[in-house]
>>> print(open('final.txt').read())   # compact mmCIF, N, CA, C and O atoms
# COMPACT_ATOMS: atom_id res chain seq x y z
N MET A 1 -13.22 15.53 19.15
CA MET A 1 -13.14 14.52 18.12
C MET A 1 -11.92 14.84 17.24
O MET A 1 -11.74 15.97 16.80
N SER A 2 -11.09 13.85 17.01
CA SER A 2 -9.89 14.09 16.21
C SER A 2 -10.20 13.99 14.72
O SER A 2 -11.10 13.26 14.31
N LYS A 3 -9.44 14.75 13.94
CA LYS A 3 -9.63 14.72 12.50
C LYS A 3 -8.91 13.52 11.91
O LYS A 3 -7.84 13.13 12.36
N ARG A 4 -9.49 12.95 10.91
CA ARG A 4 -8.91 11.81 10.23
C ARG A 4 -7.97 12.31 9.14
O ARG A 4 -8.33 13.17 8.34
N ARG A 5 -6.77 11.76 9.10
CA ARG A 5 -5.80 12.16 8.08
C ARG A 5 -6.11 11.41 6.80
O ARG A 5 -6.33 10.21 6.80
N ARG A 6 -6.12 12.12 5.71
CA ARG A 6 -6.40 11.51 4.42
C ARG A 6 -5.19 11.64 3.52
O ARG A 6 -4.49 12.64 3.54
N PHE A 7 -4.96 10.61 2.72
CA PHE A 7 -3.84 10.61 1.80
C PHE A 7 -4.35 10.41 0.39
O PHE A 7 -5.23 9.57 0.16
N LYS A 8 -3.80 11.15 -0.54
CA LYS A 8 -4.12 10.98 -1.94
C LYS A 8 -3.22 9.87 -2.48
O LYS A 8 -1.99 9.99 -2.44
N GLN A 9 -3.81 8.80 -2.94
CA GLN A 9 -3.04 7.67 -3.45
C GLN A 9 -2.55 7.98 -4.86
O GLN A 9 -3.30 8.48 -5.70
N SER A 10 -1.29 7.67 -5.11
CA SER A 10 -0.73 7.92 -6.45
C SER A 10 -1.02 6.75 -7.39
O SER A 10 -1.01 6.93 -8.61
N LEU A 11 -1.28 5.57 -6.84
CA LEU A 11 -1.61 4.41 -7.65
C LEU A 11 -3.04 3.98 -7.36
O LEU A 11 -3.54 4.16 -6.24
N SER A 12 -3.68 3.36 -8.32
CA SER A 12 -5.04 2.89 -8.12
C SER A 12 -5.02 1.67 -7.19
O SER A 12 -3.98 1.04 -6.97
N LEU A 13 -6.17 1.36 -6.64
CA LEU A 13 -6.29 0.19 -5.76
C LEU A 13 -5.85 -1.07 -6.49
O LEU A 13 -5.14 -1.90 -5.93
N GLU A 14 -6.25 -1.20 -7.75
CA GLU A 14 -5.89 -2.38 -8.53
C GLU A 14 -4.37 -2.52 -8.66
O GLU A 14 -3.82 -3.60 -8.51
N GLU A 15 -3.70 -1.40 -8.92
CA GLU A 15 -2.24 -1.41 -9.06
C GLU A 15 -1.56 -1.75 -7.74
O GLU A 15 -0.60 -2.52 -7.71
N ARG A 16 -2.07 -1.18 -6.66
CA ARG A 16 -1.47 -1.46 -5.35
C ARG A 16 -1.65 -2.92 -4.97
O ARG A 16 -0.72 -3.56 -4.44
N LEU A 17 -2.81 -3.49 -5.24
CA LEU A 17 -3.05 -4.91 -4.93
C LEU A 17 -2.18 -5.81 -5.80
O LEU A 17 -1.64 -6.81 -5.31
N ALA A 18 -2.01 -5.47 -7.07
CA ALA A 18 -1.16 -6.25 -7.96
C ALA A 18 0.29 -6.21 -7.49
O ALA A 18 0.99 -7.23 -7.50
N GLN A 19 0.75 -5.05 -7.06
CA GLN A 19 2.11 -4.92 -6.55
C GLN A 19 2.30 -5.74 -5.27
O GLN A 19 3.32 -6.38 -5.08
N GLU A 20 1.30 -5.71 -4.41
CA GLU A 20 1.37 -6.49 -3.17
C GLU A 20 1.41 -7.98 -3.48
O GLU A 20 2.18 -8.73 -2.86
N ALA A 21 0.62 -8.42 -4.45
CA ALA A 21 0.62 -9.84 -4.84
C ALA A 21 2.01 -10.23 -5.36
O ALA A 21 2.53 -11.30 -4.99
N GLU A 22 2.60 -9.39 -6.17
CA GLU A 22 3.94 -9.68 -6.71
C GLU A 22 4.98 -9.72 -5.58
O GLU A 22 5.83 -10.61 -5.55
N ARG A 23 4.88 -8.78 -4.65
CA ARG A 23 5.82 -8.75 -3.52
C ARG A 23 5.70 -10.03 -2.68
O ARG A 23 6.70 -10.63 -2.29
N LEU A 24 4.46 -10.46 -2.42
CA LEU A 24 4.25 -11.66 -1.64
C LEU A 24 4.76 -12.91 -2.36
O LEU A 24 5.35 -13.80 -1.74
N ARG A 25 4.57 -12.96 -3.68
CA ARG A 25 5.08 -14.11 -4.45
C ARG A 25 6.61 -14.16 -4.41
O ARG A 25 7.20 -15.24 -4.28
N GLU A 26 7.25 -13.00 -4.52
CA GLU A 26 8.72 -12.96 -4.45
C GLU A 26 9.20 -13.40 -3.07
O GLU A 26 10.19 -14.12 -2.95
N GLN A 27 8.49 -12.98 -2.04
CA GLN A 27 8.84 -13.36 -0.68
C GLN A 27 8.67 -14.87 -0.50
O GLN A 27 9.49 -15.52 0.15
N ALA A 28 7.62 -15.44 -1.08
CA ALA A 28 7.37 -16.87 -0.96
C ALA A 28 8.43 -17.69 -1.69
O ALA A 28 8.78 -18.79 -1.24
N LYS A 29 8.98 -17.15 -2.78
CA LYS A 29 10.04 -17.86 -3.51
C LYS A 29 11.27 -18.09 -2.65
O LYS A 29 12.02 -19.04 -2.87
N GLN A 30 11.49 -17.21 -1.68
CA GLN A 30 12.67 -17.30 -0.82
C GLN A 30 12.53 -18.39 0.25
O GLN A 30 13.51 -18.77 0.87
N LEU A 31 11.31 -18.86 0.46
CA LEU A 31 11.06 -19.84 1.52
C LEU A 31 11.00 -21.26 0.96
O LEU A 31 10.65 -21.47 -0.21
N SER A 32 11.33 -22.21 1.81
CA SER A 32 11.18 -23.61 1.40
C SER A 32 9.71 -23.99 1.57
O SER A 32 8.97 -23.35 2.32
N PRO A 33 9.27 -25.04 0.87
CA PRO A 33 7.86 -25.45 0.97
C PRO A 33 7.45 -25.69 2.43
O PRO A 33 8.20 -26.27 3.20
N GLY A 34 6.28 -25.19 2.75
CA GLY A 34 5.77 -25.33 4.11
C GLY A 34 4.59 -24.41 4.34
O GLY A 34 4.15 -23.70 3.43
N PRO A 35 4.08 -24.41 5.55
CA PRO A 35 2.88 -23.61 5.85
C PRO A 35 3.08 -22.10 5.70
O PRO A 35 2.17 -21.39 5.27
N GLU A 36 4.27 -21.60 6.03
CA GLU A 36 4.52 -20.16 5.92
C GLU A 36 4.49 -19.73 4.46
O GLU A 36 3.90 -18.69 4.11
N ARG A 37 5.11 -20.53 3.59
CA ARG A 37 5.11 -20.23 2.16
C ARG A 37 3.70 -20.29 1.59
O ARG A 37 3.29 -19.43 0.81
N GLU A 38 2.95 -21.31 1.99
CA GLU A 38 1.56 -21.44 1.51
C GLU A 38 0.71 -20.26 1.95
O GLU A 38 -0.15 -19.79 1.20
N ALA A 39 0.94 -19.76 3.16
CA ALA A 39 0.18 -18.60 3.65
C ALA A 39 0.48 -17.37 2.80
O ALA A 39 -0.44 -16.60 2.46
N LEU A 40 1.75 -17.18 2.44
CA LEU A 40 2.11 -16.02 1.60
C LEU A 40 1.48 -16.15 0.21
O LEU A 40 0.98 -15.17 -0.34
N LEU A 41 1.51 -17.35 -0.35
CA LEU A 41 0.90 -17.55 -1.67
C LEU A 41 -0.61 -17.35 -1.63
O LEU A 41 -1.19 -16.80 -2.57
N ARG A 42 -1.24 -17.76 -0.52
CA ARG A 42 -2.69 -17.55 -0.37
C ARG A 42 -3.00 -16.06 -0.31
O ARG A 42 -3.93 -15.58 -0.96
N LYS A 43 -2.18 -15.30 0.44
CA LYS A 43 -2.38 -13.84 0.52
C LYS A 43 -2.18 -13.19 -0.85
O LYS A 43 -2.90 -12.26 -1.21
N ALA A 44 -1.22 -13.69 -1.61
CA ALA A 44 -0.97 -13.16 -2.96
C ALA A 44 -2.18 -13.41 -3.85
O ALA A 44 -2.61 -12.52 -4.59
N ARG A 45 -2.75 -14.61 -3.79
CA ARG A 45 -3.94 -14.92 -4.59
C ARG A 45 -5.12 -14.04 -4.18
O ARG A 45 -5.89 -13.57 -5.02
N GLN A 46 -5.26 -13.79 -2.87
CA GLN A 46 -6.35 -12.94 -2.39
C GLN A 46 -6.18 -11.51 -2.89
O GLN A 46 -7.16 -10.87 -3.30
N ALA A 47 -4.96 -11.00 -2.87
CA ALA A 47 -4.70 -9.64 -3.36
C ALA A 47 -5.00 -9.56 -4.85
O ALA A 47 -5.60 -8.59 -5.33
N GLU A 48 -4.59 -10.60 -5.60
CA GLU A 48 -4.85 -10.63 -7.04
C GLU A 48 -6.35 -10.68 -7.33
O GLU A 48 -6.85 -9.98 -8.21
N THR A 49 -7.06 -11.49 -6.57
CA THR A 49 -8.51 -11.60 -6.74
C THR A 49 -9.18 -10.26 -6.42
O THR A 49 -10.08 -9.82 -7.14
N GLY A 50 -8.73 -9.61 -5.36
CA GLY A 50 -9.28 -8.30 -5.00
C GLY A 50 -9.04 -7.28 -6.10
O GLY A 50 -9.92 -6.47 -6.41
N SER A 51 -7.88 -7.34 -6.72
CA SER A 51 -7.57 -6.44 -7.82
C SER A 51 -8.52 -6.67 -8.99
O SER A 51 -9.06 -5.72 -9.56
N HIS A 52 -8.74 -7.94 -9.33
CA HIS A 52 -9.64 -8.26 -10.44
C HIS A 52 -11.09 -7.87 -10.13
O HIS A 52 -11.80 -7.36 -11.00
N MET A 53 -11.51 -8.08 -8.89
CA MET A 53 -12.88 -7.73 -8.51
C MET A 53 -13.08 -6.22 -8.58
O MET A 53 -14.11 -5.74 -9.06
N SER A 54 -12.10 -5.47 -8.10
CA SER A 54 -12.20 -4.01 -8.13
C SER A 54 -12.25 -3.52 -9.58
O SER A 54 -13.04 -2.62 -9.90
N GLU A 55 -11.43 -4.12 -10.43
CA GLU A 55 -11.45 -3.78 -11.85
C GLU A 55 -12.82 -4.04 -12.46
O GLU A 55 -13.37 -3.23 -13.20
N TRP A 56 -13.38 -5.21 -12.12
CA TRP A 56 -14.68 -5.60 -12.65
C TRP A 56 -15.76 -4.64 -12.17
O TRP A 56 -16.62 -4.21 -12.94
N LEU A 57 -15.72 -4.26 -10.89
CA LEU A 57 -16.73 -3.35 -10.35
C LEU A 57 -16.66 -1.97 -10.97
O LEU A 57 -17.67 -1.27 -11.08
N ARG A 58 -15.48 -1.55 -11.38
CA ARG A 58 -15.31 -0.23 -12.00
C ARG A 58 -15.59 -0.24 -13.51
O ARG A 58 -15.63 0.81 -14.12
N SER A 59 -15.76 -1.43 -14.08
CA SER A 59 -15.93 -1.51 -15.52
C SER A 59 -17.21 -0.80 -15.97
O SER A 59 -18.22 -0.83 -15.29
N PRO A 60 -17.17 -0.15 -17.13
CA PRO A 60 -18.32 0.59 -17.62
C PRO A 60 -19.50 -0.31 -18.00
O PRO A 60 -20.63 0.13 -18.03
N GLY A 61 -19.24 -1.58 -18.26
CA GLY A 61 -20.31 -2.49 -18.67
C GLY A 61 -21.19 -2.95 -17.53
O GLY A 61 -22.24 -3.52 -17.74
N LEU A 62 -20.76 -2.72 -16.29
CA LEU A 62 -21.52 -3.16 -15.14
C LEU A 62 -22.76 -2.27 -14.98
O LEU A 62 -22.66 -1.05 -14.96
N GLN A 63 -23.92 -2.88 -14.92
CA GLN A 63 -25.18 -2.16 -14.82
C GLN A 63 -25.78 -2.30 -13.42
O GLN A 63 -25.72 -3.38 -12.84
N ALA A 64 -26.36 -1.26 -12.92
CA ALA A 64 -27.05 -1.31 -11.64
C ALA A 64 -28.34 -2.10 -11.80
O ALA A 64 -28.99 -2.03 -12.84
N PRO A 65 -28.74 -2.86 -10.77
CA PRO A 65 -30.01 -3.60 -10.86
C PRO A 65 -31.19 -2.64 -10.93
O PRO A 65 -31.15 -1.56 -10.35
N GLU A 66 -32.22 -3.03 -11.63
CA GLU A 66 -33.41 -2.18 -11.78
C GLU A 66 -34.48 -2.52 -10.77
O GLU A 66 -34.59 -3.55 -10.27
>>> encode(input="final.txt", output="structure tokens")
Amino acid sequence: MSKRRRFKQSLSLEERLAQEAERLREQAKQLSPGPEREALLRKARQAETGSHMSEWLRSPGLQAPE
């Protein structure tokens, strides 16, 4: 069985997702309107939503169900 390589991330998941969303938006700006641009913008929105959800799940106010 091979060992799995692990990496220590220097940025949080939220930061990495936000950076990815920004990168995708910049890439979409370079394209003319069309399906490829819309796909990049959709991926950017998904990354942004994932960042917000992760932030929300880590928030101290979130309570476990009883």
>>> atom_distance(input="final.txt", atom1="atom CA of A:Leu57", atom2="atom N of A:Glu14")
11.0 Å
>>> select_by_dssp(input="final.txt", residues="stretch 14-66 of chain A", states="alpha helix (DSSP H)", output="PyMOL selection string")
chain A and resi 14-29+35-58
>>> closest_residue(input="final.txt", among="A:Ala18, A:Met53, A:Leu24, A:Leu11", to="A:Arg37", atoms="only N, CA, C and O atoms")
A:Leu24
>>> residues_around(input="final.txt", residues="A:Glu20", least_positions_apart="3", cutoff="12 Å", atoms="only C-alpha atoms", output="list in words")
Leu13, Glu14, Glu15, Arg16, Leu17, Arg23, Leu24, Arg25, Glu26, Gln27, Leu40, Leu41, Lys43, Ala44, Arg45, Gln46, Ala47, Glu48, Thr49, Gly50 and Ser51 of chain A
>>> atom_distance(input="final.txt", atom1="atom C of A:Ser54", atom2="atom CA of A:Ser12")
9.8 Å
